[in-house]
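As provided, run-v1.csv (CSV, C-alpha atoms) reads as follows.
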chain,number,residue,atom,x,y,z
A,7,MET,CA,1.9,1.6,9.6
A,8,CYS,CA,4.1,1.2,6.5
A,9,ARG,CA,5.3,2.8,3.2
A,10,TRP,CA,4.4,1.5,-0.2
A,11,LEU,CA,4.6,2.2,-3.9
A,12,ALA,CA,2.7,1.0,-7.0
A,13,TYR,CA,3.7,1.4,-10.7
A,14,LEU,CA,1.8,0.8,-13.9
A,15,GLY,CA,3.0,1.6,-17.4
A,16,SER,CA,5.5,0.3,-20.0
A,17,PRO,CA,7.9,-2.3,-18.6
A,18,ILE,CA,10.8,-0.9,-16.5
A,19,ASP,CA,13.5,-2.3,-14.3
A,20,ILE,CA,12.1,-2.5,-10.8
A,21,ALA,CA,15.3,-1.0,-9.5
A,22,ASP,CA,14.4,2.3,-11.3
A,23,ILE,CA,11.6,3.0,-8.9
A,24,LEU,CA,12.5,0.8,-5.9
A,25,LEU,CA,16.3,1.5,-5.5
A,26,ARG,CA,17.5,4.4,-7.6
A,27,PRO,CA,15.4,7.5,-6.5
A,28,ASN,CA,17.2,9.5,-3.7
A,29,HIS,CA,14.2,8.9,-1.4
A,30,SER,CA,13.4,5.4,-2.7
A,31,LEU,CA,11.2,3.0,-0.8
A,32,ILE,CA,14.5,1.4,0.5
A,33,ASP,CA,15.4,4.8,1.9
A,34,GLN,CA,11.9,5.2,3.4
A,35,SER,CA,12.3,1.9,5.2
A,36,LEU,CA,14.9,3.6,7.3
A,37,HIS,CA,14.1,7.3,7.0
A,38,ALA,CA,10.4,7.8,6.3
A,39,ARG,CA,9.4,11.5,6.4
A,40,GLU,CA,5.6,11.5,6.4
A,41,LEU,CA,4.7,8.6,8.8
A,42,TYR,CA,3.2,9.9,12.0
A,43,LEU,CA,1.7,7.7,14.7
A,44,PRO,CA,0.3,9.9,17.5
A,45,HIS,CA,-1.5,7.0,19.2
A,46,TYR,CA,1.6,4.6,19.4
A,47,ARG,CA,3.7,4.5,22.5
A,48,LEU,CA,6.8,3.6,20.5
A,49,ALA,CA,6.5,6.9,18.5
A,50,GLU,CA,6.4,9.1,21.6
A,51,GLY,CA,10.2,9.6,21.6
A,52,PHE,CA,10.2,11.1,18.1
A,53,ALA,CA,9.3,14.7,17.3
A,54,ALA,CA,5.6,15.1,16.3
A,55,HIS,CA,5.3,11.3,16.9
A,56,ALA,CA,7.1,10.6,13.6
A,57,PHE,CA,8.0,7.0,13.1
A,58,PRO,CA,10.8,6.9,10.6
A,59,THR,CA,11.7,3.2,10.4
A,60,ASN,CA,9.8,0.4,8.6
A,61,GLY,CA,12.0,-2.6,9.3
A,62,ASP,CA,9.4,-5.3,10.1
A,63,GLY,CA,9.6,-7.0,6.7
A,64,PHE,CA,9.2,-6.1,3.1
A,65,GLY,CA,7.9,-7.4,-0.2
A,66,MET,CA,7.2,-6.8,-3.8
A,67,ALA,CA,4.8,-8.3,-6.3
A,68,TRP,CA,4.8,-7.9,-10.1
A,69,ALA,CA,3.1,-8.8,-13.3
A,70,GLY,CA,5.2,-11.7,-14.6
A,71,LEU,CA,5.3,-14.2,-17.4
A,72,ARG,CA,2.2,-15.6,-19.1
A,73,GLY,CA,-0.2,-13.5,-17.1
A,74,THR,CA,1.0,-14.8,-13.7
A,75,LEU,CA,2.1,-12.7,-10.7
A,76,GLY,CA,5.5,-12.9,-9.1
A,77,ARG,CA,6.2,-12.2,-5.4
A,78,TYR,CA,9.1,-11.9,-3.0
A,79,ARG,CA,8.7,-11.3,0.7
A,80,GLN,CA,11.0,-11.4,3.7
A,81,ILE,CA,10.8,-10.5,7.4
A,82,GLY,CA,14.1,-8.6,7.7
A,83,PRO,CA,14.5,-4.8,7.0
A,84,ALA,CA,14.6,-3.8,3.4
A,85,TRP,CA,17.6,-1.4,3.9
A,86,ASP,CA,19.8,-4.4,4.6
A,87,SER,CA,18.6,-6.9,2.0
A,88,GLN,CA,21.2,-7.7,-0.7
A,89,ASN,CA,18.8,-10.2,-2.2
A,90,LEU,CA,16.1,-7.5,-2.8
A,91,ARG,CA,18.6,-5.2,-4.5
A,92,HIS,CA,19.8,-8.0,-6.8
A,93,LEU,CA,16.3,-9.1,-7.7
A,94,ALA,CA,15.1,-5.5,-8.4
A,95,GLN,CA,18.0,-5.1,-10.8
A,96,GLN,CA,17.1,-8.2,-12.7
A,97,ILE,CA,13.3,-8.0,-13.1
A,98,GLN,CA,11.4,-5.9,-15.5
A,99,SER,CA,7.6,-5.5,-15.3
A,100,ASN,CA,4.8,-3.3,-16.4
A,101,CYS,CA,3.1,-3.4,-13.0
A,102,VAL,CA,4.8,-3.5,-9.6
A,103,LEU,CA,3.6,-3.2,-6.0
A,104,ALA,CA,6.3,-2.9,-3.3
A,105,HIS,CA,5.9,-2.4,0.5
A,106,VAL,CA,8.0,-1.9,3.6
A,107,ARG,CA,6.3,-2.8,6.9
A,108,ALA,CA,6.2,-1.2,10.4
A,109,ALA,CA,4.2,-3.4,12.8
A,110,PRO,CA,4.7,-2.1,16.3
A,111,GLY,CA,3.1,-4.8,18.6
A,112,GLY,CA,2.2,-7.0,15.6
A,113,THR,CA,3.4,-10.4,14.6
A,114,ILE,CA,6.6,-10.4,12.5
A,115,ALA,CA,6.1,-13.3,10.0
A,116,GLU,CA,6.5,-13.7,6.2
A,117,GLN,CA,2.8,-14.5,6.0
A,118,ASN,CA,2.0,-11.0,7.3
A,119,CYS,CA,4.3,-9.2,4.8
A,120,HIS,CA,2.7,-7.3,2.0
A,121,PRO,CA,1.9,-7.5,-0.9
A,122,PHE,CA,-0.7,-10.3,-0.5
A,123,VAL,CA,-1.4,-12.3,-3.7
A,124,HIS,CA,-4.5,-14.4,-4.6
A,125,ASP,CA,-5.1,-15.7,-8.1
A,126,SER,CA,-4.7,-12.6,-10.4
A,127,TRP,CA,-4.8,-9.9,-7.7
A,128,MET,CA,-2.1,-8.3,-5.5
A,129,PHE,CA,-2.9,-6.1,-2.5
A,130,GLN,CA,-1.1,-3.9,0.0
A,131,HIS,CA,-2.0,-1.5,2.8
A,132,ASN,CA,-0.7,1.2,5.1
A,133,GLY,CA,-2.9,1.8,8.2
A,134,THR,CA,-4.8,-0.1,10.7
A,135,ILE,CA,-8.1,-1.5,11.8
A,136,PRO,CA,-8.4,-0.3,15.5
A,137,GLU,CA,-8.8,-3.1,18.1
A,138,PHE,CA,-8.6,-5.7,15.4
A,139,ALA,CA,-8.5,-8.5,17.9
A,140,THR,CA,-12.0,-7.5,18.9
A,141,LEU,CA,-13.3,-7.3,15.3
A,142,LYS,CA,-11.2,-10.1,13.8
A,143,ARG,CA,-13.7,-13.0,14.3
A,144,GLU,CA,-16.7,-11.4,12.8
A,145,LEU,CA,-14.8,-9.8,9.9
A,146,THR,CA,-13.1,-13.1,9.1
A,147,PHE,CA,-16.4,-15.0,9.2
A,148,ASP,CA,-17.7,-12.7,6.5
A,149,VAL,CA,-15.0,-14.0,4.1
A,150,ASP,CA,-16.4,-16.4,1.5
A,151,PRO,CA,-15.8,-20.0,2.8
A,152,ALA,CA,-14.1,-20.9,-0.5
A,153,LEU,CA,-11.6,-18.1,0.1
A,154,TYR,CA,-11.0,-18.7,3.8
A,155,PRO,CA,-8.4,-21.4,3.5
A,156,SER,CA,-6.1,-19.0,1.6
A,157,ILE,CA,-5.8,-16.7,4.6
A,158,LEU,CA,-2.3,-17.7,5.9
A,159,GLY,CA,-1.4,-14.9,8.3
A,160,ASN,CA,-3.1,-13.0,11.2
A,161,ALA,CA,-2.8,-9.4,9.9
A,162,ASP,CA,-5.8,-7.0,9.4
A,163,THR,CA,-4.6,-6.3,5.9
A,164,GLU,CA,-5.1,-9.9,4.7
A,165,VAL,CA,-8.6,-9.9,6.1
A,166,CYS,CA,-9.3,-6.7,4.2
A,167,PHE,CA,-8.1,-8.2,1.0
A,168,PHE,CA,-10.2,-11.3,1.3
A,169,LEU,CA,-13.2,-9.3,2.3
A,170,ALA,CA,-12.8,-7.2,-0.9
A,171,LEU,CA,-12.5,-10.4,-2.9
A,172,THR,CA,-15.7,-11.7,-1.2
A,173,TYR,CA,-17.5,-8.5,-2.1
A,174,GLY,CA,-16.8,-8.7,-5.8
A,175,LEU,CA,-13.3,-7.3,-6.3
A,176,ASP,CA,-12.9,-9.4,-9.5
A,177,GLN,CA,-16.1,-8.1,-11.1
A,178,ASP,CA,-16.1,-4.5,-9.9
A,179,PRO,CA,-12.9,-3.5,-8.0
A,180,VAL,CA,-14.2,-0.1,-6.9
A,181,ALA,CA,-17.4,-1.6,-5.4
A,182,GLY,CA,-15.5,-4.5,-3.8
A,183,MET,CA,-13.0,-2.2,-2.1
A,184,SER,CA,-15.8,0.3,-1.1
A,185,ARG,CA,-17.9,-2.5,0.4
A,186,MET,CA,-14.8,-3.7,2.4
A,187,VAL,CA,-14.3,-0.2,3.9
A,188,ALA,CA,-18.0,0.0,4.7
A,189,ARG,CA,-17.9,-3.4,6.4
A,190,VAL,CA,-15.0,-2.5,8.6
A,191,GLU,CA,-16.7,0.8,9.6
A,192,ARG,CA,-19.9,-1.0,10.5
A,193,ALA,CA,-18.1,-3.4,12.7
A,194,ARG,CA,-16.2,-0.5,14.4
A,195,ASN,CA,-19.4,1.4,15.0
A,196,GLU,CA,-21.3,-1.6,16.3
A,197,HIS,CA,-18.5,-2.3,18.9
A,198,GLY,CA,-18.3,1.4,19.9
A,199,ILE,CA,-14.6,1.7,18.9
A,200,ALA,CA,-13.6,5.3,19.0
A,201,ASP,CA,-10.2,5.0,17.3
A,202,PRO,CA,-10.4,5.4,13.5
A,203,PHE,CA,-9.9,3.0,10.7
A,204,THR,CA,-7.0,4.4,8.6
A,205,ALA,CA,-5.9,3.1,5.3
A,206,THR,CA,-4.1,3.7,2.1
A,207,MET,CA,-4.6,0.6,-0.1
A,208,CYS,CA,-3.7,-0.5,-3.6
A,209,VAL,CA,-5.0,-3.6,-5.4
A,210,SER,CA,-4.0,-4.6,-8.9
A,211,ASN,CA,-4.5,-7.3,-11.5
A,212,GLY,CA,-1.5,-6.2,-13.5
A,213,GLN,CA,-3.7,-4.2,-15.9
A,214,LYS,CA,-4.9,-1.4,-13.6
A,215,LEU,CA,-4.3,0.1,-10.1
A,216,ILE,CA,-7.2,0.7,-7.7
A,217,VAL,CA,-6.0,2.9,-4.8
A,218,LEU,CA,-7.8,4.4,-1.9
A,219,ARG,CA,-7.1,6.8,1.0
A,220,TRP,CA,-9.3,6.7,4.1
A,221,VAL,CA,-9.8,7.7,7.7
A,222,SER,CA,-13.0,7.1,9.6
A,223,PRO,CA,-15.3,10.2,9.1
A,224,ASP,CA,-16.0,10.6,12.8
A,225,ALA,CA,-12.3,10.9,13.6
A,226,GLN,CA,-11.6,14.3,15.2
A,227,GLY,CA,-8.3,15.8,14.2
A,228,VAL,CA,-6.9,12.6,12.6
A,229,GLN,CA,-5.6,12.8,9.1
A,230,ALA,CA,-5.7,9.9,6.6
A,231,PRO,CA,-2.2,8.4,6.0
A,232,SER,CA,-0.3,10.2,3.3
A,233,LEU,CA,-0.6,9.2,-0.4
A,234,TYR,CA,0.6,10.8,-3.6
A,235,HIS,CA,0.5,10.0,-7.3
A,236,ALA,CA,2.4,11.1,-10.4
A,237,THR,CA,1.4,10.6,-14.0
A,238,GLY,CA,3.4,10.5,-17.2
A,239,PRO,CA,7.2,11.0,-17.9
A,240,THR,CA,8.1,11.9,-14.3
A,241,MET,CA,11.7,12.8,-13.7
A,242,LEU,CA,13.2,11.1,-10.6
A,243,LEU,CA,16.3,12.5,-9.0
A,244,THR,CA,18.5,9.5,-8.2
A,245,VAL,CA,21.1,8.6,-5.5
A,246,ASP,CA,23.9,9.2,-8.0
A,247,GLY,CA,22.7,12.7,-8.9
A,248,GLN,CA,21.1,11.7,-12.3
A,249,ASN,CA,17.6,12.4,-13.5
A,250,ASP,CA,15.7,9.2,-14.5
A,251,ARG,CA,12.7,9.7,-16.7
A,252,LEU,CA,9.7,7.3,-16.4
A,253,PRO,CA,7.8,6.2,-19.5
A,254,GLU,CA,5.2,8.5,-21.1
A,255,ASN,CA,2.4,6.3,-20.0
A,256,ALA,CA,3.6,5.8,-16.4
A,257,GLN,CA,1.3,5.8,-13.3
A,258,LEU,CA,3.0,5.9,-10.0
A,259,VAL,CA,1.4,6.0,-6.5
A,260,VAL,CA,3.4,6.3,-3.3
A,261,SER,CA,3.0,6.8,0.4
A,262,GLU,CA,5.4,9.7,0.1
A,263,PRO,CA,7.3,11.1,-2.9
A,264,LEU,CA,10.4,9.3,-4.0
A,265,GLU,CA,12.5,12.4,-4.0
A,266,LEU,CA,14.0,14.3,-1.0
A,267,HIS,CA,13.1,17.6,-2.7
A,268,TRP,CA,9.8,17.4,-4.6
A,269,SER,CA,7.2,19.6,-6.3
A,270,ARG,CA,3.4,19.5,-6.0
A,271,HIS,CA,3.3,20.0,-9.7
A,272,THR,CA,4.8,16.5,-10.0
A,273,TRP,CA,3.5,14.7,-6.9
A,274,ARG,CA,-0.2,15.3,-6.3
A,275,GLU,CA,-1.9,14.4,-3.1
A,276,VAL,CA,-4.6,11.8,-3.3
A,277,PRO,CA,-7.8,13.2,-1.8
A,278,SER,CA,-8.9,11.7,1.5
A,279,ALA,CA,-12.0,9.5,1.5
A,280,SER,CA,-11.4,8.8,-2.2
A,281,ILE,CA,-10.8,5.8,-4.4
A,282,GLY,CA,-9.0,6.0,-7.7
A,283,ILE,CA,-8.6,4.0,-10.9
A,284,LEU,CA,-5.3,4.3,-12.8
A,285,GLU,CA,-4.8,2.7,-16.2
A,286,THR,CA,-1.9,2.9,-18.6
A,287,GLY,CA,-1.8,6.0,-20.6
A,288,GLN,CA,-5.1,7.3,-19.1
A,289,PRO,CA,-5.6,10.2,-16.6
A,290,ALA,CA,-6.1,9.1,-13.0
A,291,ARG,CA,-9.7,9.1,-12.0
A,292,PHE,CA,-10.6,9.7,-8.4
A,293,MET,CA,-14.1,9.7,-6.8
A,294,PRO,CA,-15.5,9.7,-3.2
A,295,ILE,CA,-15.7,6.3,-1.5
A,296,ASN,CA,-19.4,5.3,-1.5
A,297,LEU,CA,-20.1,3.3,1.7
A,298,ASP,CA,-23.6,2.5,0.3
A,299,SER,CA,-22.3,0.8,-2.9
Before anything else, please render the file you have as structure tokens.
Amino acid sequence: MCRWLAYLGSPIDIADILLRPNHSLIDQSLHARELYLPHYRLAEGFAAHAFPTNGDGFGMAWAGLRGTLGRYRQIGPAWDSQNLRHLAQQIQSNCVLAHVRAAPGGTIAEQNCHPFVHDSWMFQHNGTIPEFATLKRELTFDVDPALYPSILGNADTEVCFFLALTYGLDQDPVAGMSRMVARVERARNEHGIADPFTATMCVSNGQKLIVLRWVSPDAQGVQAPSLYHATGPTMLLTVDGQNDRLPENAQLVVSEPLELHWSRHTWREVPSASIGILETGQPARFMPINLDS
């Protein structure tokens, strides 16, 4: 379970969204407010099974020069990385994905840190495939053989990414992502796994954001991980008490709002079981995830 953000719009300093807000992703790496893990033993000591820290690595990917993607990942905690702070203050981009990781019981390695990048696509995830060790072999075998050598880690997120690529992400991102969700659900059902598949995901080619929010439909009393979006010239209250204004054409999607005190007029919750398309200067479009696509 993790926290992430995604930005699309006119080029901005990455620090404006990653560092400066008073509940920035860096702050969320240490003090997340909306991350609840009722099924994790390590969360039992926190009220309501909250899990505030995301210190098992971090990363950011961005649309860079000449149509290429840049990426920086490390296994340490984001709150203590001076390199991340310096880079964020030096890089401008029109499209940024950033992620802080919580991987209780998982493998801490750079290859498992988000975002994942392949050719023109970058991808990140908060959530989990339940009993992934049981499903890993058959899901991985569904990956296109030409793509398989590019899988470098052992995390469920990377397998989800390469399944989406296999199922046509490049030609139809909504269909590719929906088919990936459907494949995971089919494997879960065939193996009789009761725990739900949970996910908020974002994939981008630097020109658009495709985001989804999901929890298995047969899950009783389990909510999908939190996800919000803001559109247009959003005002962000900063750590130094200022109000930073995003560009008019901005699209911003976050695991939780980047402000300690926020309004639902600014930050709108992404509907559960939905997938959205966000493009610069256009209204966000959300639709139900079609498992039969």
- Task: Considering only C-alpha atoms, return as a ChimeraX atom specification whatever protein or nucleic-acid residues lie within 8 Å of Gly133 in chain A, sequence-local ones (same chain, fewer than 5 positions apart) excluded.
- Result: /A:7-8,203-206,231
- Message: I need the residue nearest Cys101 in chain A from this list: A:Ser87, A:Thr74, A:Gln213, A:Thr163. Use all atoms listed in the file for the distance.
- Response: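 Looking only at the distances to Cys101 in chain A, the closest residue turns out to be A:Gln213.
Take CA of Ser210 in chain A and CA of Glu254 in chain A: the distance between them is 20.1 Å.
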- Message: Calculated over only C-alpha atoms, which of the candidates A:Ser35, A:Gln130, A:Asn195, A:Thr272 has the smallest distance to Gln257 in chain A?
- Response: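 Nearest candidate to Gln257 in chain A out of A:Ser35, A:Gln130, A:Asn195, A:Thr272: A:Thr272.
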- Message: List the spatial neighbours of range 22-29 of chain A as a ChimeraX atom specification - criterion: any atom at most 10 Å away, only C-alpha atoms, same-chain residues fewer than 6 positions off excluded.
- Response: /A:10-13,35,37-39,66,85,90-91,94-95,98,102-105,241-252,258,262-267
- Message: I'd like the contact shell of range 290-292 of chain A - 12 Å cut-off, all atoms listed in the file, skipping same-chain residues fewer than 6 positions apart - returned as a PyMOL selection string.
- Response: chain A and resi 14+180+214-219+234-238+255-259+274-284
Those same residues, written as a compact mmCIF listing (two decimals), keeping the file's coordinate frame with C-alpha atoms?
# COMPACT_ATOMS: atom_id res chain seq x y z
CA LEU A 14 1.80 0.80 -13.90
CA VAL A 180 -14.20 -0.10 -6.90
CA LYS A 214 -4.90 -1.40 -13.60
CA LEU A 215 -4.30 0.10 -10.10
CA ILE A 216 -7.20 0.70 -7.70
CA VAL A 217 -6.00 2.90 -4.80
CA LEU A 218 -7.80 4.40 -1.90
CA ARG A 219 -7.10 6.80 1.00
CA TYR A 234 0.60 10.80 -3.60
CA HIS A 235 0.50 10.00 -7.30
CA ALA A 236 2.40 11.10 -10.40
CA THR A 237 1.40 10.60 -14.00
CA GLY A 238 3.40 10.50 -17.20
CA ASN A 255 2.40 6.30 -20.00
CA ALA A 256 3.60 5.80 -16.40
CA GLN A 257 1.30 5.80 -13.30
CA LEU A 258 3.00 5.90 -10.00
CA VAL A 259 1.40 6.00 -6.50
CA ARG A 274 -0.20 15.30 -6.30
CA GLU A 275 -1.90 14.40 -3.10
CA VAL A 276 -4.60 11.80 -3.30
CA PRO A 277 -7.80 13.20 -1.80
CA SER A 278 -8.90 11.70 1.50
CA ALA A 279 -12.00 9.50 1.50
CA SER A 280 -11.40 8.80 -2.20
CA ILE A 281 -10.80 5.80 -4.40
CA GLY A 282 -9.00 6.00 -7.70
CA ILE A 283 -8.60 4.00 -10.90
CA LEU A 284 -5.30 4.30 -12.80
- Message: Just to confirm, what's the straight-line distance from CA of Thr240 in chain A to CA of Ala21 in chain A in Å (one decimal)?
- Response: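 CA of Ala21 in chain A lies at a distance of 15.5 Å from CA of Thr240 in chain A.
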Which centre and which edge lengths, in Å to one decimal, describe the axis-aligned box that holds all listed atoms of range 129-148 of chain A after 4 Å is added on each side, as AutoDock Vina command-line options?
--center_x -9.2 --center_y -6.6 --center_z 8.2 --size_x 25.0 --size_y 24.8 --size_z 29.4
- Item | Å distance separating CA of His124 in chain A from CA of Leu93 in chain A, one decimal place |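 These two atoms are separated by 21.7 Å.
Of the listed residues A:Gly63, A:Gly212, A:Gly182, A:Pro121, the one whose atoms come nearest to Ile295 in chain A is A:Gly182, with distances taken using only C-alpha atoms.
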- Query: Between A:Gly82, A:Leu153, A:Ile135, A:Pro58, which is the closest to Ile114 in chain A once you count all atoms listed in the file?
  - Reply: A:Gly82
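Nearest-residue note for Leu145 in chain A: choosing from A:Trp127, A:Phe64, A:Trp273, A:Phe168, the minimum distance belongs to A:Phe168, counting only C-alpha atoms.
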- Counting all atoms listed in the file, closest pick from A:Leu175, A:Ile18, A:Ile199, A:Ile32 relative to Ser126 in chain A is A:Leu175
- Selection near Ile157 in chain A, 10 Å with all atoms listed in the file, sequence-local residues under 6 positions removed, as an NGL selection string: :A and (117 or 122 or 124 or 146 or 149 or 164-165 or 167-168)
- Compile the contact shell of Ile81 in chain A as a VMD selection string: residues with an atom at most 9 Å away, counting only C-alpha atoms, same-chain residues fewer than 5 positions apart removed. chain A and resid 61 to 65 107 114 to 116 118 to 119
For the residues selected in the previous step, produce a file with C-alpha atoms as an mmCIF file, keeping the file's coordinate frame.
data_model
loop_
_atom_site.group_PDB
_atom_site.id
_atom_site.type_symbol
_atom_site.label_atom_id
_atom_site.label_comp_id
_atom_site.auth_asym_id
_atom_site.auth_seq_id
_atom_site.Cartn_x
_atom_site.Cartn_y
_atom_site.Cartn_z
ATOM 1 C CA GLY A 61 12.000 -2.600 9.300
ATOM 2 C CA ASP A 62 9.400 -5.300 10.100
ATOM 3 C CA GLY A 63 9.600 -7.000 6.700
ATOM 4 C CA PHE A 64 9.200 -6.100 3.100
ATOM 5 C CA GLY A 65 7.900 -7.400 -0.200
ATOM 6 C CA ARG A 107 6.300 -2.800 6.900
ATOM 7 C CA ILE A 114 6.600 -10.400 12.500
ATOM 8 C CA ALA A 115 6.100 -13.300 10.000
ATOM 9 C CA GLU A 116 6.500 -13.700 6.200
ATOM 10 C CA ASN A 118 2.000 -11.000 7.300
ATOM 11 C CA CYS A 119 4.300 -9.200 4.800
#
Can you rebuild range 238-246 of chain A with all heavy atoms and give it as a CSV table (one decimal), in the frame of the given file?
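Output saved as rebuild-v7.csv:
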chain,number,residue,atom,x,y,z
A,238,GLY,N,2.7,10.1,-16.1
A,238,GLY,CA,3.4,10.5,-17.2
A,238,GLY,C,4.9,10.4,-17.0
A,238,GLY,O,5.4,9.7,-16.1
A,239,PRO,N,5.7,11.1,-17.9
A,239,PRO,CA,7.2,11.0,-17.9
A,239,PRO,C,7.8,11.7,-16.7
A,239,PRO,O,8.6,12.6,-16.9
A,239,PRO,CB,7.5,11.6,-19.2
A,239,PRO,CG,6.5,12.6,-19.5
A,239,PRO,CD,5.2,12.0,-18.9
A,240,THR,N,7.5,11.3,-15.5
A,240,THR,CA,8.1,11.9,-14.3
A,240,THR,C,9.6,11.8,-14.2
A,240,THR,O,10.1,10.7,-14.5
A,240,THR,CB,7.4,11.2,-13.1
A,240,THR,OG1,6.0,11.3,-13.2
A,240,THR,CG2,7.9,11.9,-11.8
A,241,MET,N,10.2,12.8,-13.9
A,241,MET,CA,11.7,12.8,-13.7
A,241,MET,C,12.0,12.5,-12.2
A,241,MET,O,11.5,13.2,-11.3
A,241,MET,CB,12.3,14.1,-14.1
A,241,MET,CG,12.1,14.5,-15.5
A,241,MET,SD,12.9,13.5,-16.7
A,241,MET,CE,14.6,14.0,-16.4
A,242,LEU,N,12.8,11.5,-11.9
A,242,LEU,CA,13.2,11.1,-10.6
A,242,LEU,C,14.6,11.4,-10.3
A,242,LEU,O,15.5,10.9,-11.1
A,242,LEU,CB,12.9,9.7,-10.3
A,242,LEU,CG,11.4,9.2,-10.4
A,242,LEU,CD1,11.3,7.7,-10.2
A,242,LEU,CD2,10.5,10.0,-9.4
A,243,LEU,N,14.9,12.2,-9.3
A,243,LEU,CA,16.3,12.5,-9.0
A,243,LEU,C,16.9,11.3,-8.3
A,243,LEU,O,16.3,10.8,-7.3
A,243,LEU,CB,16.5,13.7,-8.1
A,243,LEU,CG,17.9,14.2,-7.8
A,243,LEU,CD1,18.6,14.6,-9.0
A,243,LEU,CD2,17.8,15.3,-6.8
A,244,THR,N,18.0,10.8,-8.7
A,244,THR,CA,18.5,9.5,-8.2
A,244,THR,C,19.6,9.7,-7.2
A,244,THR,O,20.2,10.8,-7.0
A,244,THR,CB,19.1,8.6,-9.4
A,244,THR,OG1,20.3,9.2,-9.9
A,244,THR,CG2,18.0,8.5,-10.5
A,245,VAL,N,20.0,8.6,-6.6
A,245,VAL,CA,21.1,8.6,-5.5
A,245,VAL,C,22.4,9.0,-6.1
A,245,VAL,O,23.3,9.5,-5.4
A,245,VAL,CB,21.2,7.3,-4.8
A,245,VAL,CG1,20.0,7.0,-4.0
A,245,VAL,CG2,21.4,6.1,-5.8
A,246,ASP,N,22.6,8.8,-7.4
A,246,ASP,CA,23.9,9.2,-8.0
A,246,ASP,C,23.8,10.6,-8.7
A,246,ASP,O,24.7,10.9,-9.5
A,246,ASP,CB,24.4,8.1,-9.0
A,246,ASP,CG,23.4,7.8,-10.0
A,246,ASP,OD1,22.3,8.4,-10.1
A,246,ASP,OD2,23.6,6.8,-10.7
